[in-house]
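Asks: Input file: structure07.cif. Contents: mmCIF, N, CA and C atoms.
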data_structure
#
loop_
_atom_site.label_atom_id
_atom_site.label_comp_id
_atom_site.auth_asym_id
_atom_site.auth_seq_id
_atom_site.Cartn_x
_atom_site.Cartn_y
_atom_site.Cartn_z
N MET A 1 0.82 -1.19 0.00
CA MET A 1 0.00 0.00 0.00
C MET A 1 0.86 1.26 0.00
N ASN A 2 1.95 1.21 0.74
CA ASN A 2 2.85 2.34 0.83
C ASN A 2 3.50 2.62 -0.54
N ASN A 3 3.79 1.54 -1.30
CA ASN A 3 4.38 1.67 -2.62
C ASN A 3 3.42 2.34 -3.58
N MET A 4 2.13 2.04 -3.47
CA MET A 4 1.12 2.64 -4.33
C MET A 4 1.00 4.14 -4.06
N LYS A 5 1.07 4.55 -2.82
CA LYS A 5 1.00 5.97 -2.48
C LYS A 5 2.20 6.72 -3.06
N ARG A 6 3.36 6.08 -3.04
CA ARG A 6 4.56 6.70 -3.58
C ARG A 6 4.43 6.89 -5.09
N LYS A 7 3.86 5.92 -5.80
CA LYS A 7 3.67 6.04 -7.24
C LYS A 7 2.67 7.16 -7.57
N ILE A 8 1.62 7.25 -6.80
CA ILE A 8 0.63 8.31 -7.02
C ILE A 8 1.26 9.68 -6.77
N LYS A 9 2.07 9.77 -5.70
CA LYS A 9 2.74 11.02 -5.38
C LYS A 9 3.68 11.43 -6.51
N TRP A 10 4.47 10.49 -7.03
CA TRP A 10 5.38 10.79 -8.13
C TRP A 10 4.60 11.15 -9.39
N GLY A 11 3.46 10.51 -9.60
CA GLY A 11 2.62 10.83 -10.76
C GLY A 11 2.12 12.27 -10.69
N PHE A 12 1.68 12.69 -9.51
CA PHE A 12 1.21 14.06 -9.35
C PHE A 12 2.35 15.07 -9.49
N LEU A 13 3.57 14.68 -9.16
CA LEU A 13 4.71 15.56 -9.34
C LEU A 13 5.20 15.57 -10.79
N PHE A 14 5.16 14.40 -11.42
CA PHE A 14 5.71 14.28 -12.77
C PHE A 14 4.85 15.00 -13.80
N ILE A 15 3.55 14.89 -13.72
CA ILE A 15 2.66 15.46 -14.74
C ILE A 15 2.83 16.98 -14.86
N PRO A 16 2.79 17.74 -13.77
CA PRO A 16 3.00 19.20 -13.93
C PRO A 16 4.40 19.55 -14.42
N ILE A 17 5.40 18.80 -13.98
CA ILE A 17 6.77 19.07 -14.44
C ILE A 17 6.88 18.78 -15.94
N PHE A 18 6.28 17.70 -16.40
CA PHE A 18 6.30 17.36 -17.82
C PHE A 18 5.59 18.44 -18.65
N ILE A 19 4.40 18.85 -18.21
CA ILE A 19 3.64 19.87 -18.94
C ILE A 19 4.40 21.20 -18.94
N GLY A 20 4.98 21.57 -17.80
CA GLY A 20 5.78 22.79 -17.73
C GLY A 20 6.98 22.74 -18.65
N GLY A 21 7.65 21.60 -18.69
CA GLY A 21 8.80 21.44 -19.59
C GLY A 21 8.39 21.51 -21.05
N LEU A 22 7.26 20.92 -21.38
CA LEU A 22 6.75 20.98 -22.75
C LEU A 22 6.45 22.42 -23.16
N PHE A 23 5.79 23.17 -22.27
CA PHE A 23 5.47 24.57 -22.58
C PHE A 23 6.74 25.41 -22.67
N LEU A 24 7.71 25.16 -21.81
CA LEU A 24 8.97 25.89 -21.86
C LEU A 24 9.72 25.60 -23.15
N PHE A 25 9.79 24.33 -23.54
CA PHE A 25 10.48 23.94 -24.76
C PHE A 25 9.78 24.54 -25.98
N THR A 26 8.45 24.55 -25.98
CA THR A 26 7.68 25.16 -27.08
C THR A 26 7.97 26.65 -27.16
N TRP A 27 8.04 27.31 -26.03
CA TRP A 27 8.32 28.75 -25.99
C TRP A 27 9.72 29.03 -26.54
N VAL A 28 10.71 28.18 -26.21
CA VAL A 28 12.07 28.35 -26.72
C VAL A 28 12.09 28.18 -28.24
N VAL A 29 11.37 27.16 -28.75
CA VAL A 29 11.30 26.96 -30.20
C VAL A 29 10.69 28.17 -30.88
N MET A 30 9.61 28.70 -30.29
CA MET A 30 8.95 29.87 -30.85
C MET A 30 9.91 31.07 -30.88
N LEU A 31 10.62 31.31 -29.79
CA LEU A 31 11.56 32.42 -29.74
C LEU A 31 12.69 32.27 -30.76
N LEU A 32 13.24 31.06 -30.86
CA LEU A 32 14.31 30.84 -31.83
C LEU A 32 13.81 31.01 -33.26
N TRP A 33 12.65 30.46 -33.55
CA TRP A 33 12.07 30.59 -34.89
C TRP A 33 11.90 32.07 -35.23
N ASN A 34 11.26 32.80 -34.32
CA ASN A 34 10.96 34.21 -34.59
C ASN A 34 12.21 35.09 -34.63
N ALA A 35 13.26 34.69 -33.93
CA ALA A 35 14.48 35.49 -33.91
C ALA A 35 15.38 35.21 -35.11
N VAL A 36 15.38 33.97 -35.59
CA VAL A 36 16.35 33.59 -36.62
C VAL A 36 15.73 33.53 -38.02
N LEU A 37 14.67 32.78 -38.19
CA LEU A 37 14.18 32.51 -39.54
C LEU A 37 13.59 33.71 -40.27
N PRO A 38 12.73 34.51 -39.68
CA PRO A 38 12.21 35.65 -40.47
C PRO A 38 13.30 36.63 -40.90
N ALA A 39 14.36 36.73 -40.12
CA ALA A 39 15.45 37.63 -40.49
C ALA A 39 16.31 37.03 -41.60
N ALA A 40 16.44 35.72 -41.62
CA ALA A 40 17.30 35.05 -42.60
C ALA A 40 16.57 34.77 -43.91
N VAL A 41 15.29 34.40 -43.83
CA VAL A 41 14.52 34.04 -45.02
C VAL A 41 13.31 34.96 -45.07
N THR A 42 13.22 35.75 -46.12
CA THR A 42 12.16 36.76 -46.17
C THR A 42 10.77 36.17 -46.35
N ALA A 43 10.65 34.95 -46.85
CA ALA A 43 9.33 34.36 -47.10
C ALA A 43 8.73 33.73 -45.85
N ILE A 44 9.47 33.68 -44.76
CA ILE A 44 8.99 33.03 -43.53
C ILE A 44 8.50 34.09 -42.55
N ASN A 45 7.32 33.85 -42.01
CA ASN A 45 6.71 34.77 -41.05
C ASN A 45 6.94 34.29 -39.62
N PRO A 46 6.84 35.18 -38.65
CA PRO A 46 6.90 34.75 -37.25
C PRO A 46 5.71 33.82 -36.92
N ILE A 47 5.92 32.96 -35.95
CA ILE A 47 4.88 32.00 -35.57
C ILE A 47 4.44 32.26 -34.14
N GLY A 48 3.30 31.72 -33.79
CA GLY A 48 2.77 31.81 -32.44
C GLY A 48 3.10 30.58 -31.63
N PHE A 49 2.65 30.60 -30.38
CA PHE A 49 2.95 29.50 -29.46
C PHE A 49 2.39 28.17 -29.96
N TRP A 50 1.13 28.15 -30.37
CA TRP A 50 0.52 26.88 -30.78
C TRP A 50 1.09 26.37 -32.09
N GLN A 51 1.52 27.27 -32.96
CA GLN A 51 2.20 26.84 -34.17
C GLN A 51 3.55 26.21 -33.84
N ALA A 52 4.24 26.76 -32.86
CA ALA A 52 5.51 26.18 -32.43
C ALA A 52 5.29 24.79 -31.85
N MET A 53 4.20 24.63 -31.07
CA MET A 53 3.90 23.31 -30.53
C MET A 53 3.55 22.33 -31.65
N GLY A 54 2.87 22.81 -32.68
CA GLY A 54 2.57 21.97 -33.83
C GLY A 54 3.83 21.55 -34.58
N ILE A 55 4.79 22.46 -34.69
CA ILE A 55 6.06 22.12 -35.33
C ILE A 55 6.79 21.06 -34.51
N LEU A 56 6.76 21.19 -33.19
CA LEU A 56 7.39 20.17 -32.34
C LEU A 56 6.72 18.82 -32.51
N ALA A 57 5.38 18.82 -32.53
CA ALA A 57 4.65 17.55 -32.70
C ALA A 57 4.95 16.93 -34.06
N LEU A 58 4.96 17.74 -35.09
CA LEU A 58 5.25 17.24 -36.43
C LEU A 58 6.67 16.69 -36.52
N SER A 59 7.63 17.39 -35.92
CA SER A 59 9.00 16.89 -35.96
C SER A 59 9.15 15.60 -35.17
N LYS A 60 8.40 15.47 -34.09
CA LYS A 60 8.43 14.23 -33.31
C LYS A 60 7.88 13.07 -34.14
N ILE A 61 6.79 13.33 -34.86
CA ILE A 61 6.20 12.28 -35.69
C ILE A 61 7.15 11.90 -36.83
N LEU A 62 7.71 12.90 -37.48
CA LEU A 62 8.54 12.62 -38.66
C LEU A 62 9.91 12.06 -38.31
N PHE A 63 10.53 12.56 -37.25
CA PHE A 63 11.91 12.20 -36.97
C PHE A 63 12.09 11.34 -35.71
N GLY A 64 11.13 11.36 -34.79
CA GLY A 64 11.35 10.67 -33.53
C GLY A 64 10.50 9.45 -33.33
N GLY A 65 9.47 9.27 -34.12
CA GLY A 65 8.59 8.14 -33.91
C GLY A 65 7.65 8.38 -32.74
N PHE A 66 7.01 7.33 -32.29
CA PHE A 66 6.02 7.45 -31.24
C PHE A 66 6.46 6.83 -29.92
N GLY A 67 7.73 6.68 -29.72
CA GLY A 67 8.21 6.17 -28.44
C GLY A 67 8.61 4.71 -28.53
N GLY A 68 9.07 4.22 -27.43
CA GLY A 68 9.55 2.85 -27.41
C GLY A 68 10.99 2.80 -27.90
N LYS A 69 11.62 1.69 -27.63
CA LYS A 69 13.01 1.53 -28.06
C LYS A 69 13.06 1.15 -29.52
N SER A 70 14.11 1.58 -30.16
CA SER A 70 14.35 1.16 -31.53
C SER A 70 14.92 -0.24 -31.49
N TRP A 71 14.22 -1.19 -32.06
CA TRP A 71 14.68 -2.58 -31.98
C TRP A 71 15.83 -2.84 -32.94
N ARG A 72 15.99 -2.01 -33.98
CA ARG A 72 17.05 -2.26 -34.95
C ARG A 72 18.43 -1.92 -34.40
N GLY A 73 18.52 -0.98 -33.49
CA GLY A 73 19.82 -0.59 -32.99
C GLY A 73 20.20 -1.29 -31.70
N SER A 74 19.30 -2.12 -31.21
CA SER A 74 19.56 -2.75 -29.92
C SER A 74 20.59 -3.88 -30.06
N PRO A 75 21.31 -4.17 -28.99
CA PRO A 75 22.28 -5.26 -29.04
C PRO A 75 21.62 -6.61 -29.34
N GLN A 76 20.38 -6.80 -28.89
CA GLN A 76 19.70 -8.07 -29.15
C GLN A 76 19.47 -8.24 -30.65
N TRP A 77 19.05 -7.16 -31.33
CA TRP A 77 18.80 -7.24 -32.77
C TRP A 77 20.10 -7.52 -33.52
N LYS A 78 21.19 -6.84 -33.12
CA LYS A 78 22.47 -7.05 -33.78
C LYS A 78 22.96 -8.48 -33.59
N GLN A 79 22.79 -9.01 -32.38
CA GLN A 79 23.21 -10.38 -32.10
C GLN A 79 22.39 -11.37 -32.92
N LYS A 80 21.09 -11.12 -33.02
CA LYS A 80 20.20 -12.00 -33.78
C LYS A 80 20.58 -12.01 -35.26
N MET A 81 20.86 -10.83 -35.82
CA MET A 81 21.24 -10.75 -37.23
C MET A 81 22.61 -11.39 -37.47
N LYS A 82 23.53 -11.22 -36.55
CA LYS A 82 24.85 -11.83 -36.68
C LYS A 82 24.73 -13.35 -36.66
N GLN A 83 23.89 -13.87 -35.77
CA GLN A 83 23.69 -15.31 -35.67
C GLN A 83 23.05 -15.85 -36.94
N ARG A 84 22.06 -15.15 -37.47
CA ARG A 84 21.44 -15.57 -38.73
C ARG A 84 22.45 -15.61 -39.86
N PHE A 85 23.30 -14.58 -39.94
CA PHE A 85 24.29 -14.51 -41.01
C PHE A 85 25.30 -15.64 -40.88
N GLU A 86 25.72 -15.94 -39.65
CA GLU A 86 26.70 -17.01 -39.45
C GLU A 86 26.13 -18.39 -39.77
N ASN A 87 24.80 -18.53 -39.63
CA ASN A 87 24.17 -19.82 -39.92
C ASN A 87 23.91 -20.03 -41.41
N MET A 88 24.16 -19.02 -42.23
CA MET A 88 23.96 -19.14 -43.67
C MET A 88 25.16 -19.84 -44.30
N SER A 89 24.89 -20.52 -45.42
CA SER A 89 25.98 -21.11 -46.20
C SER A 89 26.73 -19.97 -46.89
N PRO A 90 27.96 -20.21 -47.34
CA PRO A 90 28.70 -19.14 -48.02
C PRO A 90 27.94 -18.60 -49.24
N GLU A 91 27.23 -19.45 -49.96
CA GLU A 91 26.45 -19.00 -51.11
C GLU A 91 25.30 -18.09 -50.67
N GLU A 92 24.63 -18.46 -49.58
CA GLU A 92 23.55 -17.64 -49.05
C GLU A 92 24.08 -16.30 -48.56
N GLN A 93 25.27 -16.32 -47.94
CA GLN A 93 25.87 -15.08 -47.47
C GLN A 93 26.17 -14.14 -48.63
N GLU A 94 26.70 -14.68 -49.74
CA GLU A 94 26.99 -13.85 -50.91
C GLU A 94 25.70 -13.30 -51.53
N ASN A 95 24.66 -14.14 -51.58
CA ASN A 95 23.37 -13.67 -52.09
C ASN A 95 22.80 -12.57 -51.21
N PHE A 96 22.93 -12.73 -49.89
CA PHE A 96 22.45 -11.74 -48.94
C PHE A 96 23.20 -10.42 -49.13
N LYS A 97 24.52 -10.49 -49.24
CA LYS A 97 25.33 -9.28 -49.44
C LYS A 97 24.97 -8.59 -50.75
N ALA A 98 24.78 -9.39 -51.81
CA ALA A 98 24.44 -8.81 -53.10
C ALA A 98 23.07 -8.13 -53.05
N GLU A 99 22.11 -8.76 -52.39
CA GLU A 99 20.77 -8.16 -52.28
C GLU A 99 20.82 -6.89 -51.43
N TRP A 100 21.59 -6.92 -50.35
CA TRP A 100 21.73 -5.74 -49.49
C TRP A 100 22.37 -4.59 -50.27
N LYS A 101 23.40 -4.91 -51.04
CA LYS A 101 24.07 -3.89 -51.84
C LYS A 101 23.14 -3.37 -52.92
N ASN A 102 22.32 -4.25 -53.50
CA ASN A 102 21.38 -3.84 -54.52
C ASN A 102 20.32 -2.90 -53.95
N ARG A 103 19.83 -3.19 -52.75
CA ARG A 103 18.80 -2.36 -52.13
C ARG A 103 19.33 -1.06 -51.57
N CYS A 104 20.52 -1.11 -50.98
CA CYS A 104 21.02 0.06 -50.24
C CYS A 104 22.15 0.78 -50.95
N GLY A 105 22.62 0.25 -52.03
CA GLY A 105 23.72 0.91 -52.74
C GLY A 105 25.06 0.53 -52.15
N HIS A 106 26.06 1.22 -52.61
CA HIS A 106 27.43 0.88 -52.20
C HIS A 106 27.83 1.49 -50.87
N ARG A 107 27.01 2.35 -50.30
CA ARG A 107 27.41 3.01 -49.06
C ARG A 107 27.51 2.05 -47.89
N TRP A 108 26.91 0.87 -47.98
CA TRP A 108 26.96 -0.09 -46.89
C TRP A 108 28.04 -1.14 -47.08
N SER A 109 28.71 -1.12 -48.19
CA SER A 109 29.75 -2.12 -48.42
C SER A 109 31.01 -1.74 -47.67
N ALA A 110 31.88 -2.72 -47.47
CA ALA A 110 33.12 -2.48 -46.74
C ALA A 110 34.09 -1.67 -47.59
N LYS A 111 34.01 -1.82 -48.93
CA LYS A 111 34.89 -1.10 -49.82
C LYS A 111 34.32 0.28 -50.10
N PRO A 112 35.18 1.27 -50.31
CA PRO A 112 34.66 2.58 -50.67
C PRO A 112 34.02 2.54 -52.05
N PHE A 113 33.14 3.47 -52.30
CA PHE A 113 32.43 3.53 -53.57
C PHE A 113 33.40 3.79 -54.70
N GLN A 114 33.34 2.95 -55.73
CA GLN A 114 34.19 3.13 -56.89
C GLN A 114 33.29 3.43 -58.07
N SER A 115 33.41 4.61 -58.60
CA SER A 115 32.57 4.96 -59.74
C SER A 115 33.23 4.49 -61.02
N SER A 116 32.41 4.06 -61.95
CA SER A 116 32.94 3.63 -63.24
C SER A 116 33.27 4.87 -64.05
N PRO A 117 34.28 4.77 -64.89
CA PRO A 117 34.64 5.96 -65.69
C PRO A 117 33.51 6.33 -66.63
N VAL A 118 33.33 7.62 -66.81
CA VAL A 118 32.26 8.12 -67.67
C VAL A 118 32.73 8.05 -69.11
N GLU A 119 31.92 7.41 -69.95
CA GLU A 119 32.27 7.31 -71.36
C GLU A 119 31.88 8.60 -72.07
N GLU A 120 32.73 9.04 -72.97
CA GLU A 120 32.43 10.24 -73.72
C GLU A 120 31.49 9.87 -74.86
N ASN A 121 30.52 10.71 -75.09
CA ASN A 121 29.57 10.50 -76.17
C ASN A 121 30.06 11.28 -77.38
N PRO A 122 30.45 10.59 -78.50
CA PRO A 122 31.00 11.30 -79.64
C PRO A 122 29.96 12.16 -80.38
N THR A 123 28.67 11.91 -80.18
CA THR A 123 27.67 12.69 -80.90
C THR A 123 27.44 14.04 -80.27
N GLN A 124 27.80 14.23 -79.01
CA GLN A 124 27.62 15.52 -78.36
C GLN A 124 28.97 16.21 -78.22
N PRO A 125 29.01 17.50 -78.51
CA PRO A 125 30.31 18.21 -78.40
C PRO A 125 30.72 18.34 -76.94
N ASP A 126 32.00 18.31 -76.70
CA ASP A 126 32.54 18.47 -75.36
C ASP A 126 32.75 19.95 -75.10
N ILE A 127 31.92 20.52 -74.24
CA ILE A 127 31.99 21.96 -73.98
C ILE A 127 33.10 22.34 -73.02
N SER A 128 33.69 21.35 -72.36
CA SER A 128 34.76 21.67 -71.41
C SER A 128 36.05 22.02 -72.13
N LYS A 129 36.16 21.69 -73.42
CA LYS A 129 37.40 21.95 -74.16
C LYS A 129 37.34 23.23 -74.98
N THR A 130 36.31 24.04 -74.73
CA THR A 130 36.22 25.30 -75.47
C THR A 130 37.16 26.33 -74.88
N ASN A 131 37.49 27.33 -75.66
CA ASN A 131 38.43 28.37 -75.22
C ASN A 131 37.84 29.22 -74.16
#
Could you spell out this file's structure in structure tokens?
Replies:
Amino acid sequence: MNNMKRKIKWGFLFIPIFIGGLFLFTWVVMLLWNAVLPAAVTAINPIGFWQAMGILALSKILFGGFGGKSWRGSPQWKQKMKQRFENMSPEEQENFKAEWKNRCGHRWSAKPFQSSPVEENPTQPDISKTN
């Protein structure tokens, strides 16, 4: 029973602190937006408090997700993927690497990106050699 009272007490303390922090952070975003962007970009107007809160909510949705841990970056996920890869035959591993490279490009490969030389097209004039 004593533990339940402590949780309720912390809940009553946490909620106002959370709301106050949210309003403070929104106010800071509004001040920064109004101080920096309208002066730097002429097409941008100053915003109000609720617009700043909307920008925060939108950025949270677009860039932060809706909470919870990211399972892809966790050690458990990395260990699981490493174990799966080790259990593959060498042919399956090569197919997996080729498919990964095909989907994600060369930026995920161990070797740096090597571009193929650009072939010159004889039908189009080379403008780089003009005087």
Asks: How many Å separate CA of Ala57 (chain A) from CA of Thr26 (chain A)?
Replies: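 Rounded to one decimal, the two atoms are 9.9 Å apart.
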Asks: Please compute the CA of Phe49 (chain A)-atom N of Leu32 (chain A) distance, one decimal, in Å.
Replies: 10.5 Å
Asks: So the first atom is atom C of Asn3 (chain A) and the second is CA of Gly20 (chain A); what is the distance between them in Å, to one decimal place?
Replies: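 We find that atom C of Asn3 (chain A) and CA of Gly20 (chain A) lie 25.0 Å from each other.
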Asks: Taking 4 positions as the minimum chain separation for residues in the same chain, which residues sit within 10 Å of Gln51 (chain A) when counting only C-alpha atoms? Answer as a list in words.
Replies: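 After dropping sequence-adjacent residues, the list is Thr26, Val29, Met30, Pro46, Ile47, Ile55, Leu56 and Ala57 of chain A.
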Asks: Those residues you just picked out, can you put them in a file as a compact mmCIF listing (two decimals), keeping the file's coordinate frame with N, CA and C atoms?
Replies:
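Done, and the output landed in out-v6.txt:
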# COMPACT_ATOMS: atom_id res chain seq x y z
N THR A 26 8.45 24.55 -25.98
CA THR A 26 7.68 25.16 -27.08
C THR A 26 7.97 26.65 -27.16
N VAL A 29 11.37 27.16 -28.75
CA VAL A 29 11.30 26.96 -30.20
C VAL A 29 10.69 28.17 -30.88
N MET A 30 9.61 28.70 -30.29
CA MET A 30 8.95 29.87 -30.85
C MET A 30 9.91 31.07 -30.88
N PRO A 46 6.84 35.18 -38.65
CA PRO A 46 6.90 34.75 -37.25
C PRO A 46 5.71 33.82 -36.92
N ILE A 47 5.92 32.96 -35.95
CA ILE A 47 4.88 32.00 -35.57
C ILE A 47 4.44 32.26 -34.14
N ILE A 55 4.79 22.46 -34.69
CA ILE A 55 6.06 22.12 -35.33
C ILE A 55 6.79 21.06 -34.51
N LEU A 56 6.76 21.19 -33.19
CA LEU A 56 7.39 20.17 -32.34
C LEU A 56 6.72 18.82 -32.51
N ALA A 57 5.38 18.82 -32.53
CA ALA A 57 4.65 17.55 -32.70
C ALA A 57 4.95 16.93 -34.06
Asks: Could you check which of A:Leu13, A:Ile61, A:Ala43, A:Ala52 is closest to Leu31 (chain A), using all atoms listed in the file?
Replies: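 Nearest candidate to Leu31 (chain A) out of A:Leu13, A:Ile61, A:Ala43, A:Ala52: A:Ala52.
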